[in-house]
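Trainee: my_file_39.txt (compact mmCIF, C-alpha atoms and all ligand atoms) pasted underneath:
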```txt
# COMPACT_ATOMS: atom_id res chain seq x y z
CA MET A 1 55.59 121.37 64.37
CA GLU A 2 55.67 124.79 65.98
CA GLN A 3 52.00 125.46 65.49
CA ASN A 4 49.12 123.08 65.28
CA GLN A 5 46.94 124.21 62.43
CA ASP A 6 44.26 121.71 63.19
CA SER A 7 41.95 124.06 64.99
CA LYS A 8 41.67 126.14 61.84
CA PHE A 9 40.04 123.16 60.22
CA GLU A 10 37.50 122.58 62.99
CA ALA A 11 34.68 123.97 60.89
CA ALA A 12 35.96 122.40 57.74
CA PHE A 13 34.67 118.89 58.17
CA LEU A 14 31.88 118.90 55.67
CA PRO A 15 28.78 116.83 56.18
CA ILE A 16 29.34 115.39 52.75
CA THR A 17 30.31 111.89 51.84
CA SER A 18 30.24 110.65 48.31
CA ILE A 19 29.11 107.13 47.60
CA GLY A 20 32.63 106.29 46.53
CA SER A 21 34.03 107.52 49.84
CA GLY A 22 36.36 105.10 51.50
CA MET A 23 36.65 103.23 48.23
CA GLY A 24 39.88 102.55 46.45
CA VAL A 25 40.48 101.85 42.80
CA LEU A 26 43.65 100.13 41.68
CA VAL A 27 44.23 102.07 38.48
CA LEU A 28 47.58 100.42 37.72
CA PRO A 29 49.60 97.90 39.74
CA ASP A 30 51.46 100.77 41.41
CA VAL A 31 48.83 103.51 41.26
CA PHE A 32 46.01 103.36 43.79
CA CYS A 33 43.31 106.00 43.91
CA TYR A 34 41.45 106.41 47.19
CA THR A 35 38.35 108.53 47.72
CA ASN A 36 38.26 110.32 51.05
CA GLN A 37 34.80 111.90 51.45
CA ILE A 38 34.74 114.17 48.39
CA VAL A 39 38.35 114.15 47.31
CA ASN A 40 40.82 111.66 45.87
CA LEU A 41 44.37 110.95 46.86
CA ALA A 42 46.80 108.60 45.21
CA VAL A 43 49.34 106.10 46.46
CA VAL A 44 52.07 105.60 43.88
CA GLY A 45 54.82 103.02 44.17
CA THR A 46 55.61 99.93 46.19
CA LYS A 47 55.44 99.21 49.89
CA ASP A 48 59.17 99.95 50.27
CA ASP A 49 59.14 103.18 48.31
CA PHE A 50 55.93 105.02 47.60
CA VAL A 51 54.62 108.55 47.44
CA LEU A 52 51.32 109.86 48.74
CA VAL A 53 49.86 112.39 46.31
CA ASP A 54 47.63 114.81 48.26
CA THR A 55 46.41 114.27 51.79
CA GLY A 56 42.63 114.39 51.75
CA MET A 57 40.16 116.14 53.98
CA PRO A 58 40.77 117.44 57.48
CA LYS A 59 40.63 114.85 60.28
CA SER A 60 41.31 111.95 57.96
CA ALA A 61 44.85 111.04 59.01
CA ASP A 62 43.77 107.81 60.73
CA GLU A 63 41.64 106.82 57.79
CA ILE A 64 44.54 107.48 55.42
CA THR A 65 47.07 105.46 57.44
CA GLU A 66 44.57 102.60 57.71
CA MET A 67 43.99 102.74 53.98
CA ILE A 68 47.75 102.50 53.39
CA THR A 69 48.07 99.55 55.77
CA GLU A 70 45.24 97.78 54.00
CA HIS A 71 46.55 98.58 50.54
CA PHE A 72 50.04 97.24 51.28
CA ASP A 73 48.85 94.50 53.60
CA GLY A 74 50.94 95.78 56.47
CA GLU A 75 52.07 99.06 57.96
CA ALA A 76 54.00 101.30 55.61
CA ARG A 77 55.02 104.91 55.40
CA PRO A 78 55.56 106.99 52.30
CA SER A 79 59.00 108.17 51.24
CA ALA A 80 57.48 111.57 50.44
CA ILE A 81 54.26 113.49 50.00
CA VAL A 82 53.60 115.40 46.80
CA LEU A 83 50.86 118.03 46.64
CA THR A 84 49.02 118.89 43.44
CA HIS A 85 47.99 122.15 45.14
CA GLY A 86 47.19 123.49 48.57
CA HIS A 87 43.39 123.67 48.75
CA PHE A 88 41.96 122.49 52.06
CA ASP A 89 40.53 119.30 50.62
CA HIS A 90 43.96 118.27 49.29
CA VAL A 91 46.06 119.25 52.32
CA GLY A 92 43.41 118.63 54.98
CA SER A 93 45.29 115.94 56.88
CA LEU A 94 48.81 117.03 55.99
CA VAL A 95 49.73 118.48 59.38
CA GLU A 96 48.41 115.42 61.22
CA LEU A 97 50.14 113.01 58.86
CA LEU A 98 53.45 114.85 59.29
CA GLU A 99 53.13 114.32 63.01
CA LYS A 100 53.07 110.57 62.30
CA TRP A 101 55.65 110.57 59.52
CA ARG A 102 58.63 112.89 59.22
CA VAL A 103 58.77 112.85 55.45
CA PRO A 104 59.55 115.54 52.91
CA VAL A 105 56.65 117.32 51.21
CA TYR A 106 57.01 118.63 47.67
CA ALA A 107 54.97 121.25 45.87
CA HIS A 108 55.43 123.77 43.08
CA GLU A 109 57.29 126.86 44.21
CA MET A 110 54.33 129.10 43.33
CA GLU A 111 52.17 127.09 45.72
CA LEU A 112 54.63 127.41 48.61
CA PRO A 113 53.24 130.73 49.95
CA TYR A 114 49.91 128.96 50.58
CA LEU A 115 51.66 126.13 52.41
CA THR A 116 53.90 128.24 54.58
CA GLY A 117 51.30 130.62 55.97
CA LYS A 118 52.27 133.55 53.76
CA LYS A 119 49.19 133.71 51.54
CA ASP A 120 45.53 132.77 51.59
CA TYR A 121 43.50 131.66 48.62
CA PRO A 122 40.67 133.90 47.53
CA PRO A 123 37.37 132.72 49.06
CA GLY A 124 35.13 130.31 47.15
CA ASP A 125 32.84 132.07 44.70
CA PRO A 126 29.21 131.01 45.21
CA GLY A 127 28.05 132.81 42.04
CA VAL A 128 29.65 130.37 39.61
CA ASP A 129 26.98 127.70 39.66
CA SER A 130 23.58 126.95 41.11
CA GLY A 131 24.92 123.68 42.57
CA LEU A 132 24.87 123.35 46.33
CA VAL A 133 28.59 122.67 46.70
CA ALA A 134 29.28 125.95 44.89
CA LYS A 135 26.80 127.71 47.17
CA MET A 136 28.54 126.23 50.21
CA SER A 137 32.00 127.12 48.94
CA PRO A 138 32.38 130.43 50.82
CA MET A 139 32.20 128.32 54.00
CA PHE A 140 35.18 126.25 52.93
CA PRO A 141 38.43 127.31 54.54
CA ASN A 142 40.49 129.42 52.15
CA HIS A 143 43.36 130.17 54.46
CA GLY A 144 46.70 128.69 53.58
CA ILE A 145 48.23 126.22 56.00
CA ASN A 146 51.69 126.41 57.49
CA VAL A 147 53.95 123.39 57.33
CA GLY A 148 57.01 125.61 57.46
CA GLU A 149 60.32 124.08 56.51
CA GLN A 150 58.87 120.67 55.83
CA VAL A 151 57.67 121.66 52.38
CA GLU A 152 60.18 121.96 49.58
CA ARG A 153 59.85 123.01 45.99
CA LEU A 154 59.85 120.30 43.37
CA PRO A 155 63.09 119.78 41.43
CA GLN A 156 63.42 122.24 38.53
CA ASP A 157 64.14 119.47 36.01
CA GLY A 158 60.58 118.15 36.21
CA SER A 159 61.48 114.98 38.07
CA ILE A 160 59.67 113.89 41.22
CA PRO A 161 61.63 112.41 44.13
CA HIS A 162 60.69 108.73 44.71
CA MET A 163 58.58 108.63 41.57
CA PRO A 164 60.96 107.36 38.88
CA GLY A 165 59.60 107.81 35.37
CA TRP A 166 57.14 110.50 36.45
CA LYS A 167 57.36 114.19 35.62
CA TRP A 168 55.48 117.07 37.15
CA ILE A 169 53.82 119.55 34.83
CA HIS A 170 52.85 123.05 35.87
CA THR A 171 49.10 123.30 35.23
CA PRO A 172 48.09 126.66 36.74
CA GLY A 173 44.65 128.27 36.62
CA HIS A 174 42.85 126.47 39.41
CA THR A 175 45.67 127.74 41.65
CA PRO A 176 48.94 129.49 40.69
CA GLY A 177 51.20 126.57 41.55
CA HIS A 178 48.93 123.69 40.58
CA ILE A 179 50.72 120.66 39.14
CA SER A 180 49.78 117.43 37.39
CA LEU A 181 51.91 114.30 37.32
CA PHE A 182 52.55 112.24 34.20
CA ARG A 183 54.38 109.01 33.45
CA GLU A 184 55.33 108.71 29.83
CA HIS A 185 55.74 104.94 29.49
CA ASP A 186 52.15 104.00 30.33
CA ARG A 187 50.67 107.50 29.91
CA ALA A 188 49.38 107.60 33.45
CA LEU A 189 48.19 111.02 34.59
CA ILE A 190 47.40 112.37 38.02
CA ALA A 191 45.63 115.58 37.12
CA GLY A 192 44.77 117.09 40.50
CA ASP A 193 42.02 119.63 39.94
CA ALA A 194 43.21 120.75 36.47
CA PHE A 195 40.18 118.83 35.24
CA VAL A 196 37.93 116.45 37.15
CA THR A 197 35.56 113.62 36.28
CA VAL A 198 32.60 114.78 38.33
CA LYS A 199 30.68 118.04 38.25
CA GLN A 200 32.10 119.12 41.58
CA GLU A 201 29.75 122.09 42.01
CA SER A 202 26.67 119.85 42.24
CA LEU A 203 25.99 118.14 45.56
CA TYR A 204 23.87 115.46 43.90
CA LYS A 205 26.57 114.60 41.40
CA VAL A 206 29.29 114.66 44.06
CA LEU A 207 27.26 112.33 46.27
CA THR A 208 26.52 109.88 43.50
CA GLN A 209 29.92 110.40 41.81
CA THR A 210 28.17 110.70 38.44
CA GLN A 211 30.97 110.47 35.91
CA GLU A 212 31.16 113.58 33.77
CA ILE A 213 34.24 115.38 32.50
CA SER A 214 34.48 118.84 33.89
CA GLY A 215 36.92 121.71 34.11
CA PRO A 216 38.52 122.58 37.43
CA PRO A 217 36.06 123.06 40.31
CA ARG A 218 34.57 126.44 39.47
CA TYR A 219 34.13 128.00 42.88
CA TYR A 220 37.87 128.11 43.48
CA THR A 221 39.35 128.62 40.04
CA THR A 222 40.71 132.11 39.62
CA ASP A 223 42.44 132.24 36.25
CA TRP A 224 40.31 130.73 33.51
CA ASN A 225 42.72 131.48 30.66
CA ALA A 226 45.49 129.62 32.42
CA ALA A 227 43.05 126.84 33.36
CA PHE A 228 42.17 126.38 29.68
CA GLU A 229 45.84 126.30 28.65
CA SER A 230 46.45 123.66 31.30
CA VAL A 231 43.62 121.44 30.07
CA LYS A 232 45.00 121.76 26.52
CA THR A 233 48.45 120.74 27.76
CA LEU A 234 47.06 117.64 29.46
CA GLU A 235 44.87 116.71 26.50
CA ALA A 236 47.90 116.88 24.21
CA LEU A 237 49.63 114.24 26.35
CA LYS A 238 46.91 111.76 25.26
CA PRO A 239 46.80 110.11 28.68
CA GLU A 240 45.70 106.50 28.93
CA PHE A 241 44.76 106.60 32.63
CA ALA A 242 43.70 109.60 34.68
CA VAL A 243 43.25 110.00 38.40
CA THR A 244 41.65 113.38 39.08
CA GLY A 245 41.19 115.26 42.32
CA HIS A 246 37.48 114.53 42.31
CA GLY A 247 35.45 111.81 40.63
CA ILE A 248 36.16 108.27 39.53
CA PRO A 249 39.33 107.56 37.51
CA MET A 250 38.83 107.43 33.75
CA ASN A 251 40.84 105.64 31.09
CA GLY A 252 41.31 104.68 27.47
CA GLU A 253 39.15 105.95 24.67
CA GLU A 254 36.56 107.36 27.06
CA LEU A 255 39.22 109.54 28.67
CA ARG A 256 40.66 110.79 25.41
CA GLU A 257 37.23 111.52 23.91
CA ASN A 258 36.08 113.34 27.02
CA LEU A 259 39.28 115.38 27.17
CA SER A 260 39.05 116.50 23.54
CA TYR A 261 35.40 117.31 24.13
CA LEU A 262 36.37 119.42 27.14
CA VAL A 263 39.01 121.27 25.12
CA ALA A 264 36.61 121.87 22.21
CA ASN A 265 33.83 123.10 24.49
CA PHE A 266 35.78 124.58 27.37
CA ASN A 267 33.82 127.82 27.52
CA GLU A 268 30.46 126.03 27.68
CA ILE A 269 31.46 123.14 29.94
CA ALA A 270 34.03 124.59 32.25
CA LYS A 271 33.90 128.33 32.44
CA PRO A 272 31.17 129.83 34.63
CA LYS A 273 29.02 132.52 33.06
CA ASN A 274 29.32 134.60 36.18
CA SER A 275 32.45 134.58 38.19
CA ARG A 276 34.16 137.20 40.20
CA TYR A 277 37.34 135.65 38.86
CA THR A 278 36.48 135.49 35.14
CA HIS A 279 39.07 137.30 33.14
ZN ZN B 301 41.32 122.58 44.33
ZN ZN B 302 39.85 119.74 44.90
```
Mind turning this structure into structure tokens?

Mentor:
Amino acid sequence: MEQNQDSKFEAAFLPITSIGSGMGVLVLPDVFCYTNQIVNLAVVGTKDDFVLVDTGMPKSADEITEMITEHFDGEARPSAIVLTHGHFDHVGSLVELLEKWRVPVYAHEMELPYLTGKKDYPPGDPGVDSGLVAKMSPMFPNHGINVGEQVERLPQDGSIPHMPGWKWIHTPGHTPGHISLFREHDRALIAGDAFVTVKQESLYKVLTQTQEISGPPRYYTTDWNAAFESVKTLEALKPEFAVTGHGIPMNGEELRENLSYLVANFNEIAKPKNSRYTH
């Protein structure tokens, strides 16, 4: 690692912990969803060959490695890391984890500029919602990180290394290179922030993890037309299980009903009335 990005994240440790924080949910025998403060990450696979999807908040590398040890009942390291997108709460511990594990990192090619120090995300937009998390969002780090050569673009054919049976789907809107992951045979979906199951703008709802289908976190989403198309794409897959970037996993009829409801009422539920990024 030529440059330690950690100092950039010094101010990023938010004094927020949701009630679900530190909790894991075994969604399927090989899909484990873990809540790190306010964000979820997923462990997919077996002890011998698994992938870590997203890397949580800054300064959580020890917590994440302990979680993996506990989950597999013994020390284990992933074969690869896959990123749904590069926001600070999804790549927070990436640099630290890569110091422990020399493993490949995969992301969509349109997300690479934000992971290789070439581009920054636009700052969080506090005007999108009266919720406290939205109001705090300009304080969140928006600068891209730099993991240099260690990040590679995902294979063009939609496959995901070390995740047999899974495909990545480009679901832009929240960020340009946002992806979701889907496994056809059991209709398992890892949606990232394309939609979430908690109203992420509200501090109360984040803290209590009140389950409520929601569009992508508003304060960061820059392209609402693309975000809507992405939600429609995911709804059409009729997922049976969904792990989202924020909130408790949802499944079955509840998931499908909530997703169709979100599609039918996207403007009212998801899209902010005032956004500097509404277009
Ligand atoms: Zn995000
Ligand atoms: Zn997020």

Trainee: Residues at most 9 Å from ligand ZN 302 (chain B), using all atoms listed in the file? Could they come as a list in words?

Mentor: Ile38, Val39, Asn40, His85, His87, Phe88, Asp89, His90, Gly192, Asp193, Val196, Gln200, Pro216, Pro217, Tyr220, Thr244, Gly245 and His246 of chain A

Trainee: Of the candidates A:Leu83, A:Val206, A:Leu112, A:Ala188, which shows the shortest atom-to-atom distance to ligand ZN 301 (chain B), using all atoms listed in the file?

Mentor: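 The closest residue to ligand ZN 301 (chain B) is A:Leu83.
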
Trainee: Compare A:Ala236, A:Ala107, A:Leu26, A:Leu94 by their minimum atom-to-atom distance to Thr55 of chain A, counting all atoms listed in the file, and give me the closest one.

Mentor: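 Looking at the shortest contact to Thr55 of chain A, the residue is A:Leu94.
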
Trainee: Using atom CA of Phe50 of chain A and atom CA of Leu28 of chain A as the two end points, give the distance in Å to one decimal.

Mentor: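 Straight-line distance from atom CA of Phe50 of chain A to atom CA of Leu28 of chain A works out to 13.7 Å.
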
Trainee: Set the distance at 6 Å and use all atoms listed in the file: which residues neighbour Leu52 of chain A once local chain neighbours fewer than 4 positions away are removed? I'd like the list as a list in words.

Mentor: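 Here the qualifying residues turn out to be Ala42, Val43 and Ile81 of chain A.
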
Trainee: For the selection you just gave me, I'd like the residues written to a file as a short mmCIF file (atom, residue, chain, number, x, y, z; two decimals), keeping the file's coordinate frame, keeping C-alpha atoms.

Mentor:
```cif
data_model
loop_
_atom_site.label_atom_id
_atom_site.label_comp_id
_atom_site.auth_asym_id
_atom_site.auth_seq_id
_atom_site.Cartn_x
_atom_site.Cartn_y
_atom_site.Cartn_z
CA ALA A 42 46.80 108.60 45.21
CA VAL A 43 49.34 106.10 46.46
CA ILE A 81 54.26 113.49 50.00
#
```

Trainee: Restricting the calculation to all atoms listed in the file: of A:Gly215, A:Pro104, A:Pro272, A:Gly252, which residue gets closest to ligand ZN 301 (chain B)?

Mentor: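 Answer, going by the shortest atom-to-atom distance: A:Gly215.
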
Trainee: Hey, which of A:Gly86, A:Gly92, A:Pro172, A:Pro113 ends up closest to ligand ZN 301 (chain B)? Count all atoms listed in the file.

Mentor: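 Using all atoms listed in the file, the shortest distance to ligand ZN 301 (chain B) belongs to A:Gly86.
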
Trainee: Scan for residues within 9 Å of the point (36.3, 104.8, 53.2) in the coordinates of the file, using all atoms listed in the file, and reply as number ranges by chain.

Mentor: A: 20-24, 34-37, 63-64, 67

Trainee: Can you work out which one of A:Pro164, A:Gly117, A:Pro122, A:Gly127 has the shortest atom-to-atom distance to ligand ZN 301 (chain B), counting only C-alpha atoms and all ligand atoms?

Mentor: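 Answer, going by the shortest atom-to-atom distance: A:Pro122.
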
Trainee: Go through A:Leu262, A:Lys271, A:Leu189, A:Val147 one by one, measure the shortest atom-to-atom distance of each to Asp223 of chain A using only C-alpha atoms, and give the residue with the smallest value.

Mentor: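 Residue with the minimum atom-to-atom distance to Asp223 of chain A: A:Lys271.
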